[in-house]
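Structure data follow from protein_9.txt (compact mmCIF, C-alpha atoms):
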```
# COMPACT_ATOMS: atom_id res chain seq x y z
CA MET C 1 7.42 -10.87 -17.99
CA ALA C 2 5.37 -7.76 -18.57
CA SER C 3 3.32 -5.90 -16.02
CA ILE C 4 1.33 -2.72 -15.75
CA MET C 5 1.32 -0.64 -12.59
CA TYR C 6 -1.48 1.67 -11.61
CA ALA C 7 -3.58 2.87 -8.69
CA SER C 8 -6.95 1.32 -7.87
CA LYS C 9 -9.52 1.71 -5.11
CA CYS C 10 -8.46 -0.27 -2.04
CA PRO C 11 -11.12 -2.88 -1.22
CA CYS C 12 -10.45 -2.34 2.50
CA CYS C 13 -10.27 1.46 3.06
CA GLU C 14 -11.30 2.82 -0.38
CA ARG C 15 -8.15 4.95 -0.69
CA ALA C 16 -5.61 4.56 -3.52
CA ALA C 17 -3.88 1.17 -3.57
CA PHE C 18 -0.90 0.21 -5.76
CA VAL C 19 -1.54 -2.56 -8.32
CA ASP C 20 1.19 -4.49 -10.14
CA ASP C 21 -0.61 -6.62 -12.73
CA TYR C 22 1.34 -9.27 -14.64
CA TYR C 23 -1.30 -9.59 -17.33
CA LYS C 24 0.48 -12.30 -19.34
CA THR C 25 0.65 -14.71 -16.37
CA ASP C 26 -2.50 -13.51 -14.56
CA GLU C 27 -0.42 -12.76 -11.47
CA LYS C 28 -1.34 -9.68 -9.44
CA TYR C 29 -0.11 -7.78 -6.40
CA ILE C 30 -2.17 -5.11 -4.64
CA TYR C 31 -0.78 -3.07 -1.75
CA CYS C 32 -2.44 -0.18 0.05
CA MET C 33 0.17 2.07 1.61
CA VAL C 34 -2.54 3.82 3.63
CA CYS C 35 -4.33 1.02 5.50
CA GLY C 36 -1.90 -1.85 4.84
CA TYR C 37 -4.25 -4.11 2.84
CA TYR C 38 -2.57 -6.56 0.50
CA TYR C 39 -3.58 -9.18 -2.03
CA THR C 40 -1.40 -11.48 -4.09
CA LYS C 41 -2.22 -13.94 -6.82
CA THR C 42 0.83 -15.93 -7.89
CA ILE C 43 1.55 -19.06 -9.86
CA GLU C 44 1.90 -22.01 -7.53
CA LYS C 45 2.37 -24.73 -10.14
CA TYR C 46 2.75 -24.56 -13.89
CA THR C 47 2.51 -27.44 -16.33
CA GLU C 48 2.12 -27.54 -20.08
CA ASN C 49 -1.65 -28.01 -19.73
CA SER C 50 -2.53 -26.02 -16.64
CA ILE C 51 -1.65 -23.22 -14.29
CA LYS C 52 -2.50 -23.44 -10.61
CA SER C 53 -2.60 -20.10 -8.82
CA LYS C 54 -2.34 -19.26 -5.15
CA GLU C 55 -4.15 -16.25 -3.67
CA LYS C 56 -3.46 -14.46 -0.39
CA GLU C 57 -5.37 -11.54 1.04
CA ARG C 58 -4.90 -9.65 4.25
CA GLU C 59 -7.11 -6.90 5.63
CA GLY C 60 -5.28 -3.68 6.47
CA HIS C 61 -4.75 -2.48 10.04
CA GLY C 62 -2.46 0.47 9.35
CA MET C 63 1.05 1.50 8.38
CA PHE C 64 4.27 2.36 10.13
CA VAL C 65 6.76 4.38 8.10
CA LEU C 66 10.18 5.15 9.53
CA GLU C 67 12.27 7.46 7.36
CA ASN C 68 15.85 8.17 8.35
CA LYS C 69 17.65 11.46 7.86
CA ASP C 70 19.84 9.80 5.19
CA GLY C 71 16.69 9.11 3.10
CA SER C 72 16.50 5.36 3.76
CA CYS C 73 13.03 4.22 4.66
CA LYS C 74 11.39 1.26 6.40
CA LYS C 75 7.69 0.59 5.77
CA MET C 76 5.78 -1.91 7.85
CA ILE C 77 2.25 -3.06 7.11
CA LEU C 78 0.25 -3.74 10.26
CA ASN C 79 -1.38 -7.14 9.79
CA GLU C 80 -3.36 -6.91 13.01
CA GLY C 81 -4.13 -4.49 15.80
CA LEU C 82 -1.13 -3.35 17.85
CA THR C 83 -0.51 -4.59 21.36
CA VAL C 84 0.60 -2.06 23.99
CA ALA C 85 4.12 -3.55 23.88
CA GLN C 86 4.30 -3.28 20.06
CA LEU C 87 3.05 0.31 20.18
CA GLU C 88 5.72 1.25 22.73
CA GLU C 89 8.42 -0.45 20.64
CA LEU C 90 7.40 1.47 17.51
CA LYS C 91 7.20 4.79 19.37
CA GLU C 92 10.67 4.15 20.80
CA SER C 93 12.12 3.50 17.32
CA LEU C 94 10.69 6.86 16.18
CA MET C 95 12.75 8.65 18.84
CA ASP C 96 16.12 7.54 17.43
CA ARG C 97 18.28 10.57 16.57
CA ASN C 98 18.75 9.32 12.96
CA VAL C 99 14.99 9.35 12.29
CA ASN C 100 13.41 12.12 10.25
CA GLN C 101 10.36 12.62 12.46
CA GLU C 102 8.68 14.98 9.98
CA LYS C 103 8.46 12.19 7.38
CA SER C 104 7.86 9.23 9.72
CA TYR C 105 4.43 8.20 10.93
CA LEU C 106 2.29 5.53 12.52
CA ILE C 107 -1.34 5.21 11.49
CA THR C 108 -3.83 2.51 12.45
CA PHE C 109 -6.97 1.44 10.61
CA GLU C 110 -9.57 -0.34 12.74
CA ASN C 111 -13.31 -0.71 12.10
CA GLY C 112 -13.16 1.68 9.15
CA VAL C 113 -11.47 4.45 11.15
CA PHE C 114 -7.94 5.84 10.65
CA THR C 115 -6.09 7.01 13.77
CA ILE C 116 -2.80 8.87 13.46
CA LEU C 117 -0.70 7.83 16.45
CA PHE C 118 2.44 9.69 15.41
CA GLY C 119 3.65 11.97 12.64
CA ASN C 120 2.09 13.29 9.48
CA PRO C 121 1.05 10.82 6.76
CA PRO C 122 1.51 12.07 3.17
CA GLU C 123 -1.19 14.33 1.72
CA ASN C 124 -2.43 11.59 -0.63
CA SER C 125 -3.26 9.40 2.39
CA TYR C 126 -6.17 11.68 3.22
CA LEU C 127 -7.74 11.53 -0.23
CA SER C 128 -10.53 9.16 -1.24
CA PHE C 129 -9.71 7.15 -4.34
CA ASP C 130 -11.91 9.40 -6.50
CA GLU C 131 -10.17 12.53 -5.18
CA TYR C 132 -6.76 10.90 -5.75
CA ARG C 133 -7.77 9.91 -9.30
CA ARG C 134 -8.87 13.48 -10.14
CA LYS C 135 -5.61 14.85 -8.71
CA MET C 136 -3.45 12.43 -10.74
CA ILE C 137 -5.35 13.11 -13.98
CA ALA C 138 -5.03 16.88 -13.44
CA LYS C 139 -1.29 16.43 -12.84
CA TYR C 140 -0.40 13.78 -15.45
CA GLY C 141 -3.24 13.95 -17.98
CA GLU C 142 -6.01 11.56 -18.96
CA PRO C 143 -4.81 7.91 -18.96
CA GLU C 144 -4.98 5.82 -22.12
CA TYR C 145 -7.29 3.31 -20.42
CA ASP C 146 -10.04 4.13 -17.89
CA PHE C 147 -8.81 1.69 -15.24
CA MET C 148 -5.28 3.08 -15.24
CA VAL C 149 -4.56 5.78 -12.68
CA PRO C 150 -1.01 7.08 -12.17
CA VAL C 151 0.74 6.06 -8.94
CA GLU C 152 2.34 8.65 -6.73
CA GLY C 153 3.80 8.09 -3.25
```

Rewritten as structure tokens:
Amino acid sequence: MASIMYASKCPCCERAAFVDDYYKTDEKYIYCMVCGYYYTKTIEKYTENSIKSKEKEREGHGMFVLENKDGSCKKMILNEGLTVAQLEELKESLMDRNVNQEKSYLITFENGVFTILFGNPPENSYLSFDEYRRKMIAKYGEPEYDFMVPVEG
């Protein structure tokens, strides 16, 4: 199977989302590592005469990124608003002595507003999609196709 990967404007927060497009099968995966939005279109059933696809979409509510000092990383998409108990549990996990607190963060996205609850999200998290696109083109050059924007963490 062949796919193309590129950045696109997130339909939820309008930041840069990661797209993995399997153009030969019409399958697609979209993940926003800023707000946590995701969309998938996958083949559910395939016969000689037809293809039945299944789509899933989930609005983003934020991201929790826990990076350890050894470089291993855990990323958790928030599928809904955090409860007080969940928030306390995540904050507690950030305090582990193996956690690189400078690279770990917790950010929520509710009613169109980002709130940083802990840490420092990456610089690209703060950029609108258009700003991100200009930055990537300046860094990597003009893409071959207009819709393709380089992906950078």

What does the distance between CA of Arg133 (chain C) and CA of Gln101 (chain C) come to in Å, to one decimal place? 28.5 Å

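Compared by their closest atoms to Tyr23 (chain C), and using all atoms listed in the file, the residues C:Lys41, C:Lys103, C:Lys69, C:Lys54 rank with C:Lys41 nearest.
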
Set the distance at 9 Å and use only C-alpha atoms: which residues neighbour region 7-22 of chain C once local chain neighbours fewer than 6 positions away are removed? I'd like the list as a VMD selection string. chain C and resid 1 28 to 38 59 to 60 109 112 to 113 124 to 130 132 to 133 147 to 152

Would you kindly return, as an MDAnalysis selection string, each protein, DNA or RNA residue with an atom no farther than 10 Å from any atom of Leu87 (chain C), considering all atoms listed in the file and excluding same-chain residues fewer than 5 positions away? chainID C and resid 81:82 92 106 117

Expected residue set, 12 Å radius at (12.4, 4.5, 2.9), all atoms listed in the file, as a PyMOL selection string: chain C and resi 64-76+99-100+103-105+153

Within 12 Å of Thr25 (chain C), counting all atoms listed in the file, which residues show up once you throw out same-chain ones fewer than 6 positions away? Write them as a list in words, please. Met1, Ala2, Ser3, Lys41, Thr42, Ile43, Glu44, Lys45, Tyr46, Ser50, Ile51, Lys52 and Ser53 of chain C

What is the distance between CA of Ile116 (chain C) and CA of His61 (chain C), in Å to one decimal?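 Interatomic distance here is 12.0 Å.
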
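A straight line drawn from CA of Phe114 (chain C) to CA of Gly62 (chain C) is 7.8 Å long.
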
Nearest to Thr108 (chain C): which of C:Ala138, C:Ile77, C:Val84, C:Glu57 is it, counting all atoms listed in the file?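 Under the stated criterion, the closest residue is C:Ile77.
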
Using only C-alpha atoms: which of C:Met63, C:Gln86, C:Met95, C:Lys24 has the shortest distance to Ile4 (chain C):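 Answer, going by the shortest atom-to-atom distance: C:Lys24.
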